[in-house]
Structures are given as C-alpha cells and as structure tokens.
>>> print(open('entry_11.csv').read())   # CSV, C-alpha atoms
chain,number,residue,atom,x,y,z
A,1080,MET,CA,8.0,-58.6,-29.5
A,1081,THR,CA,5.8,-61.7,-29.2
A,1082,ASN,CA,6.5,-62.1,-25.5
A,1083,SER,CA,6.3,-58.4,-24.5
A,1084,PRO,CA,3.2,-57.1,-22.6
A,1085,THR,CA,1.0,-55.0,-24.9
A,1086,ILE,CA,-0.7,-52.4,-22.7
A,1087,PRO,CA,-1.9,-49.4,-24.8
A,1088,ARG,CA,-0.5,-46.0,-23.9
A,1089,THR,CA,-3.8,-44.1,-23.8
A,1090,ASP,CA,-6.4,-44.6,-21.2
A,1091,ALA,CA,-9.1,-45.1,-23.9
A,1092,GLY,CA,-7.0,-47.9,-25.3
A,1093,ARG,CA,-6.4,-49.5,-21.9
A,1094,ARG,CA,-10.2,-49.4,-21.3
A,1095,ASP,CA,-10.8,-51.1,-24.6
A,1096,LEU,CA,-8.3,-53.9,-23.9
A,1097,LEU,CA,-9.6,-54.5,-20.4
A,1098,GLN,CA,-13.2,-54.7,-21.6
A,1099,HIS,CA,-12.2,-57.0,-24.4
A,1100,LEU,CA,-10.2,-59.3,-22.1
A,1101,SER,CA,-13.0,-59.4,-19.5
A,1102,ILE,CA,-15.3,-60.8,-22.2
A,1103,GLN,CA,-12.8,-63.1,-24.1
A,1104,LEU,CA,-10.6,-64.5,-21.3
A,1105,PRO,CA,-13.3,-67.0,-20.0
A,1106,ASN,CA,-13.2,-68.6,-23.5
A,1107,TYR,CA,-9.5,-69.5,-23.0
A,1108,ALA,CA,-9.6,-70.2,-19.3
A,1109,ASN,CA,-9.1,-74.0,-19.6
A,1110,ILE,CA,-6.6,-74.1,-22.4
A,1111,LEU,CA,-4.4,-71.4,-20.9
A,1112,GLU,CA,-5.1,-72.4,-17.2
A,1113,ILE,CA,-6.4,-69.0,-16.2
A,1114,SER,CA,-8.0,-69.1,-12.8
A,1115,ALA,CA,-11.5,-67.8,-12.0
A,1116,THR,CA,-9.8,-65.4,-9.6
A,1117,ASP,CA,-7.7,-64.0,-12.4
A,1118,ILE,CA,-10.7,-63.5,-14.6
A,1119,GLY,CA,-12.6,-61.9,-11.8
A,1120,GLN,CA,-9.8,-59.5,-11.1
A,1121,VAL,CA,-9.7,-58.5,-14.8
A,1122,GLN,CA,-13.4,-58.0,-14.9
A,1123,ALA,CA,-13.4,-55.9,-11.7
A,1124,GLY,CA,-10.4,-53.9,-12.9
A,1125,SER,CA,-12.2,-53.3,-16.2
A,1126,ASP,CA,-15.5,-52.2,-14.5
A,1127,TRP,CA,-13.7,-49.8,-12.1
A,1128,PHE,CA,-11.3,-48.3,-14.8
A,1129,ASP,CA,-14.3,-47.7,-17.1
A,1130,TYR,CA,-16.2,-46.1,-14.2
A,1131,SER,CA,-13.2,-43.8,-13.4
A,1132,LEU,CA,-13.0,-42.6,-17.0
A,1133,LYS,CA,-16.7,-42.0,-17.3
A,1134,VAL,CA,-16.6,-39.9,-14.1
A,1135,GLU,CA,-13.6,-38.0,-15.5
A,1136,GLU,CA,-15.3,-37.4,-18.8
A,1137,ALA,CA,-18.5,-36.2,-17.2
A,1138,ALA,CA,-16.6,-33.9,-14.9
A,1139,GLN,CA,-14.7,-32.5,-17.9
A,1140,ARG,CA,-18.0,-31.8,-19.8
A,1141,PHE,CA,-19.4,-30.0,-16.8
A,1142,THR,CA,-16.2,-28.0,-16.3
A,1143,ASP,CA,-16.2,-27.0,-20.0
A,1144,GLY,CA,-19.8,-25.9,-19.8
A,1145,ASN,CA,-19.2,-23.9,-16.6
A,1146,PHE,CA,-16.1,-22.3,-18.2
A,1147,GLY,CA,-18.2,-21.2,-21.1
A,1148,LEU,CA,-20.8,-19.7,-18.7
A,1149,LYS,CA,-18.1,-18.0,-16.7
A,1150,ARG,CA,-16.6,-16.5,-19.8
A,1151,VAL,CA,-20.0,-15.0,-21.0
A,1152,LEU,CA,-20.8,-13.7,-17.5
A,1153,ARG,CA,-17.4,-12.1,-17.2
A,1154,ASP,CA,-16.8,-10.8,-20.8
A,1155,GLY,CA,-20.2,-10.7,-22.5
A,1156,PRO,CA,-21.2,-9.7,-25.1
A,1157,LYS,CA,-24.2,-8.0,-23.7
A,1158,GLY,CA,-27.5,-9.4,-24.6
A,1159,THR,CA,-26.2,-12.9,-24.9
A,1160,ILE,CA,-28.9,-15.5,-24.0
A,1161,ILE,CA,-27.3,-17.6,-21.2
A,1162,ASN,CA,-27.8,-21.3,-21.2
A,1163,LEU,CA,-26.8,-23.0,-18.0
A,1164,PRO,CA,-24.5,-26.0,-18.4
A,1165,ALA,CA,-26.0,-29.4,-18.0
A,1166,PRO,CA,-25.8,-30.6,-14.4
A,1167,LEU,CA,-23.1,-33.0,-13.4
A,1168,VAL,CA,-24.6,-36.5,-13.6
A,1169,VAL,CA,-23.6,-38.8,-10.7
A,1170,ILE,CA,-22.6,-42.2,-12.0
A,1171,ALA,CA,-23.2,-45.2,-9.9
A,1172,PRO,CA,-19.9,-47.1,-9.1
A,1173,PRO,CA,-19.5,-50.9,-9.8
A,1174,THR,CA,-20.7,-53.3,-7.2
A,1175,SER,CA,-17.5,-55.3,-7.2
A,1176,GLU,CA,-14.5,-54.6,-5.0
A,1177,PRO,CA,-12.0,-52.1,-6.4
A,1178,PHE,CA,-8.9,-53.7,-7.8
A,1179,PRO,CA,-5.7,-51.5,-7.5
A,1180,ASP,CA,-2.8,-51.6,-9.9
A,1181,ILE,CA,-4.9,-53.3,-12.6
A,1182,LEU,CA,-2.4,-52.5,-15.3
A,1183,GLY,CA,0.5,-54.0,-13.4
A,1184,PHE,CA,-1.6,-57.2,-12.9
A,1185,LEU,CA,-2.7,-57.2,-16.5
A,1186,GLY,CA,0.9,-56.9,-17.8
A,1187,ALA,CA,2.0,-59.9,-15.7
A,1188,LEU,CA,-1.0,-61.9,-16.8
A,1189,ILE,CA,-0.3,-61.2,-20.5
A,1190,MET,CA,3.3,-62.3,-20.0
A,1191,ARG,CA,2.1,-65.5,-18.3
A,1192,ILE,CA,-0.4,-66.2,-21.1
A,1193,LYS,CA,2.3,-65.7,-23.8
A,1194,LYS,CA,4.7,-68.1,-22.1
A,1195,HIS,CA,2.0,-70.9,-21.7
A,1196,LYS,CA,2.7,-74.0,-23.7
A,1197,ASN,CA,-0.7,-73.8,-25.4
A,1198,TYR,CA,-0.4,-70.2,-26.4
A,1199,THR,CA,-0.5,-69.5,-30.2
A,1200,GLU,CA,-0.4,-66.4,-32.3
A,1201,ALA,CA,-4.1,-66.9,-33.2
A,1202,ILE,CA,-5.0,-66.8,-29.5
A,1203,GLY,CA,-2.9,-63.6,-29.1
A,1204,LYS,CA,-4.8,-62.0,-31.9
A,1205,ALA,CA,-8.1,-63.1,-30.5
A,1206,LEU,CA,-7.2,-61.6,-27.1
A,1207,HIS,CA,-5.7,-58.4,-28.7
A,1208,ILE,CA,-2.4,-58.9,-26.9
A,1209,ILE,CA,-0.1,-59.1,-29.9
A,1210,PRO,CA,1.7,-55.8,-30.3
A,1211,ALA,CA,0.9,-53.7,-33.4
A,1212,GLN,CA,3.5,-53.9,-36.0
A,1213,ASN,CA,2.8,-50.5,-37.6
A,1214,PRO,CA,5.6,-48.0,-37.2
A,1215,GLN,CA,4.9,-45.1,-34.9
A,1216,PRO,CA,4.6,-41.8,-36.7
A,1217,ASP,CA,7.2,-39.1,-35.9
A,1218,PRO,CA,5.6,-36.9,-33.1
A,1219,ALA,CA,7.1,-33.8,-34.7
A,1220,LEU,CA,4.9,-34.4,-37.8
A,1221,LEU,CA,1.6,-35.1,-36.0
A,1222,GLN,CA,-1.2,-32.7,-37.0
A,1223,PRO,CA,-4.8,-33.0,-35.9
A,1224,ASP,CA,-7.5,-33.1,-38.6
A,1225,LEU,CA,-10.6,-31.6,-37.1
A,1226,THR,CA,-14.1,-32.4,-38.4
A,1227,PHE,CA,-17.4,-31.4,-36.9
A,1228,ASP,CA,-21.2,-31.9,-36.6
A,1229,PHE,CA,-23.9,-30.1,-34.6
A,1230,ASN,CA,-25.9,-31.0,-31.5
A,1231,ALA,CA,-28.8,-28.6,-30.8
A,1232,GLY,CA,-26.9,-25.9,-32.6
A,1233,HIS,CA,-23.6,-26.4,-30.7
A,1234,PRO,CA,-20.5,-27.6,-32.6
A,1235,VAL,CA,-19.2,-31.1,-31.8
A,1236,LEU,CA,-15.6,-31.5,-32.9
A,1237,TYR,CA,-14.1,-34.9,-33.8
A,1238,TRP,CA,-10.5,-36.2,-34.4
A,1239,TYR,CA,-8.3,-39.3,-34.2
A,1240,HIS,CA,-5.9,-39.6,-31.3
A,1241,LYS,CA,-3.1,-41.2,-33.5
A,1242,GLY,CA,-1.4,-42.7,-30.4
A,1243,THR,CA,-1.3,-39.5,-28.4
A,1244,ASP,CA,-2.5,-38.9,-24.9
A,1245,ALA,CA,-4.8,-35.8,-25.4
A,1246,LEU,CA,-5.8,-32.9,-27.6
A,1247,LEU,CA,-5.5,-29.2,-26.7
A,1248,ILE,CA,-8.2,-27.1,-28.3
A,1249,GLU,CA,-8.3,-23.3,-28.6
A,1250,ALA,CA,-11.1,-21.2,-30.0
A,1251,ASP,CA,-11.7,-17.7,-31.3
A,1252,TYR,CA,-15.3,-16.7,-30.7
A,1253,GLY,CA,-15.1,-13.5,-32.8
A,1254,THR,CA,-12.6,-11.6,-30.6
A,1255,GLY,CA,-9.7,-12.0,-33.1
A,1256,SER,CA,-7.6,-14.1,-30.7
A,1257,PHE,CA,-7.5,-17.8,-29.7
A,1258,GLY,CA,-7.9,-18.9,-26.1
A,1259,LEU,CA,-7.8,-22.3,-24.4
A,1260,VAL,CA,-11.1,-24.1,-24.4
A,1261,THR,CA,-10.3,-27.6,-23.2
A,1262,ILE,CA,-7.8,-30.5,-23.1
A,1263,GLN,CA,-9.6,-33.7,-24.1
A,1264,MET,CA,-8.4,-37.3,-23.7
A,1265,THR,CA,-11.4,-38.6,-25.7
A,1266,THR,CA,-11.8,-38.0,-29.5
A,1267,SER,CA,-14.8,-35.7,-29.5
A,1268,PHE,CA,-15.8,-32.4,-27.8
A,1269,GLU,CA,-19.1,-30.6,-27.7
A,1270,ASP,CA,-18.7,-26.8,-27.3
A,1271,SER,CA,-21.4,-25.7,-24.9
A,1272,THR,CA,-20.5,-22.0,-25.2
A,1273,PRO,CA,-23.7,-20.0,-25.4
A,1274,LEU,CA,-25.0,-19.4,-28.9
A,1275,PRO,CA,-25.6,-16.0,-30.4
A,1276,LEU,CA,-28.9,-14.2,-30.0
A,1277,PRO,CA,-31.8,-15.8,-31.9
A,1278,GLY,CA,-31.5,-15.2,-35.7
A,1279,ASN,CA,-27.9,-14.0,-35.4
A,1280,VAL,CA,-25.0,-15.8,-36.9
A,1281,ALA,CA,-21.4,-15.9,-35.6
A,1282,LEU,CA,-18.2,-17.4,-37.0
A,1283,TRP,CA,-16.4,-19.5,-34.4
A,1284,LYS,CA,-12.8,-20.7,-35.2
A,1285,TYR,CA,-11.0,-23.7,-33.7
A,1286,ARG,CA,-7.4,-25.0,-33.8
A,1287,ALA,CA,-5.9,-27.9,-31.9
A,1288,ILE,CA,-2.6,-29.6,-31.2
A,1289,TYR,CA,-1.7,-33.0,-29.8
A,1290,ARG,CA,-0.2,-33.7,-26.4
A,1291,ILE,CA,1.9,-36.6,-25.2
A,1292,ARG,CA,2.9,-36.8,-21.5
A,1293,ASP,CA,1.6,-33.3,-20.8
A,1294,ALA,CA,3.7,-31.7,-23.5
A,1295,GLN,CA,2.5,-30.3,-26.9
A,1296,VAL,CA,3.8,-32.3,-29.9
A,1297,GLY,CA,3.6,-31.8,-33.6
A,1298,GLN,CA,1.9,-29.1,-35.6
A,1299,TRP,CA,-1.3,-27.0,-35.0
A,1300,SER,CA,-4.2,-28.2,-37.0
A,1301,LYS,CA,-5.6,-26.1,-39.8
A,1302,VAL,CA,-8.1,-23.5,-38.5
A,1303,LEU,CA,-11.6,-24.9,-38.6
A,1304,GLU,CA,-14.3,-22.2,-39.2
A,1305,ILE,CA,-17.9,-23.0,-38.1
A,1306,SER,CA,-20.9,-20.7,-38.6
A,1307,VAL,CA,-23.2,-21.0,-35.6
A,1308,LYS,CA,-26.7,-19.5,-35.4
A,1309,GLY,CA,-28.8,-18.5,-32.4
A,1310,SER,CA,-32.2,-20.1,-32.1
>>> encode(input="entry_11.csv", output="structure tokens")
Amino acid sequence: MTNSPTIPRTDAGRRDLLQHLSIQLPNYANILEISATDIGQVQAGSDWFDYSLKVEEAAQRFTDGNFGLKRVLRDGPKGTIINLPAPLVVIAPPTSEPFPDILGFLGALIMRIKKHKNYTEAIGKALHIIPAQNPQPDPALLQPDLTFDFNAGHPVLYWYHKGTDALLIEADYGTGSFGLVTIQMTTSFEDSTPLPLPGNVALWKYRAIYRIRDAQVGQWSKVLEISVKGS
C-alpha cells in the first residue's frame, strides 16, 4: 500500500489533492528532486481541473433552475409566481497552458516520489499521498443522510459523499409522487423551484440515493420533509 498511487475516486477529492500538491510540492522540491517543470504541470493541471469542475457545477445549477422553471410553465399550478433562474455565469479560464491527462501524470509522479531515497511516511502524510487505511463501507448498506438550510426561502440540501461518485435526488412538491430533480457530484444542492404564492405554505419532500459509476447503490434516504413559504 505504501508504494501505490493514491488518486481519489471522486472528482472533488481529485481537485482537493491537486490543489494541495500544487501548494505543498515546492516545499519538497529539493529533497525529493522534483523539477520546476513537474511542479508547473501539477499547478496547471490543478488550475484547469478546478476550472472544469466550476464550469460543470455552474452549468448544473443553471440546468436545475431552468428545469424548475420548465416544470412550472408546463404543469403549474396556476397563479404561481415565476422566478427566473439565475443567469449562467461565465467563468474565466486559467491563463496557463492546459495540461491533458493530469491524473496519469500525477499517478506517475506520486510513484516516483514514494520510491525516492529521501521519501518518508511523514512526507507522504504532509503531501496527502498515503492511502487511507479505513475500510470501505459495503455499498449495499450506504444510505444518504439529508440535512437542510434555507437561502432566500429556498431549501438547500446537504450530505456527505461517503466515497461515492454522485447523489440522485428526487422530490415531491405536493403531487403525491416523487420525480427526478438532479444528480449532484458536489455535497450540496439549492432547490430553485419557484416558491408558493406569498403567504402560502407548502410541504416539499425529498429523498436521495447514492451513485457509483452511473449506477444506484445502497438504500434510499429517509424522506426529508421541508415546509416552504412564499414571500
């Protein structure tokens, strides 16, 4: 295990590792004989991977908002005050040259670091490249635990990814049946579905299930009931 590359399975974890290494690797450049070119490639890969995920997350939020708008326009109920989804924000790309196959490069670099004569376990921990020793949970037993908060009256759901790739969320907005709302790779989701008319209260229900490699795993979460009020 000590000499194996430790690339996280989730994109969020990969981004965290890249960002951590882009900051910490220069501190070990001399002792581990890491070239400036290698460090520059890690930093460029980190910047571009982070950019790609931010674009993906912004597009997902916009798609979710537009889906909520479409549902109200199509199905009502009549009299609902329609809130247009927030516009898609264009994110400026990094100024560095894009670096393809950053994960392949990173895996080879980690292997090289671990085989270096000056490498120690303390360095591995500092660089976050020592594999976790915690046993992986049985996927069949995974069950999301949803919590929530509000932002401008709209529910914001939260959960832990528990080593999975994504979370599928369904909602019942008072129709008596659940329908797909979103599939999220992050660990939070703000529901931009239009709120009830001012002064009115509605009960929205949510349930969720984890996904690994595009397949549902584990058990559905307990149904989360949230009272929302129009303003």
>>> residues_around(input="entry_11.csv", residues="Phe1268 in chain A", least_positions_apart="3", cutoff="9 Å", atoms="all atoms listed in the file", output="list in words")
Arg1140, Pro1234, Val1235, Leu1236, Tyr1237, Thr1261, Gln1263 and Thr1265 of chain A
>>> closest_atom_pairs(input="entry_11.csv", of="range 1087-1195 of chain A", to="range 1269-1290 of chain A", cutoff="12 Å", atoms="all atoms listed in the file", output="CSV")
residue,atom,partner,partner_atom,distance
A:Thr1089,CA,A:Arg1290,CA,11.3
A:Glu1136,CA,A:Glu1269,CA,11.8
A:Ala1137,CA,A:Glu1269,CA,11.9
A:Gln1139,CA,A:Glu1269,CA,10.9
A:Arg1140,CA,A:Glu1269,CA,8.1
A:Phe1141,CA,A:Ser1271,CA,9.4
A:Thr1142,CA,A:Ser1271,CA,10.3
A:Asp1143,CA,A:Ser1271,CA,7.3
A:Gly1144,CA,A:Ser1271,CA,5.3
A:Asn1145,CA,A:Ser1271,CA,8.8
A:Phe1146,CA,A:Thr1272,CA,8.3
A:Gly1147,CA,A:Thr1272,CA,4.8
A:Leu1148,CA,A:Thr1272,CA,6.9
A:Lys1149,CA,A:Thr1272,CA,9.7
A:Arg1150,CA,A:Thr1272,CA,8.6
A:Val1151,CA,A:Pro1273,CA,7.6
A:Leu1152,CA,A:Pro1273,CA,10.5
A:Gly1155,CA,A:Pro1273,CA,10.4
A:Pro1156,CA,A:Pro1275,CA,9.3
A:Lys1157,CA,A:Leu1276,CA,10.0
A:Gly1158,CA,A:Leu1276,CA,7.4
A:Thr1159,CA,A:Leu1276,CA,5.9
A:Ile1160,CA,A:Leu1276,CA,6.1
A:Ile1161,CA,A:Pro1273,CA,6.0
A:Asn1162,CA,A:Pro1273,CA,6.0
A:Leu1163,CA,A:Pro1273,CA,8.6
A:Pro1164,CA,A:Ser1271,CA,7.2
A:Ala1165,CA,A:Ser1271,CA,9.1
>>> closest_residue(input="entry_11.csv", among="A:Ala1138, A:Gln1098, A:Lys1193, A:Ile1291", to="Ile1209 in chain A", atoms="only C-alpha atoms")
A:Lys1193
>>> residues_near_point(input="entry_11.csv", point="(4.1, -34.0, -35.6)", cutoff="6 Å", atoms="all atoms listed in the file", output="PyMOL selection string")
chain A and resi 1217-1222+1296-1298
>>> closest_residue(input="entry_11.csv", among="A:Gln1120, A:Leu1100, A:Pro1223, A:Phe1229", to="Ile1248 in chain A", atoms="all atoms listed in the file")
A:Pro1223
>>> atom_distance(input="entry_11.csv", atom1="CA of Leu1247 in chain A", atom2="CA of Met1264 in chain A")
9.1 Å
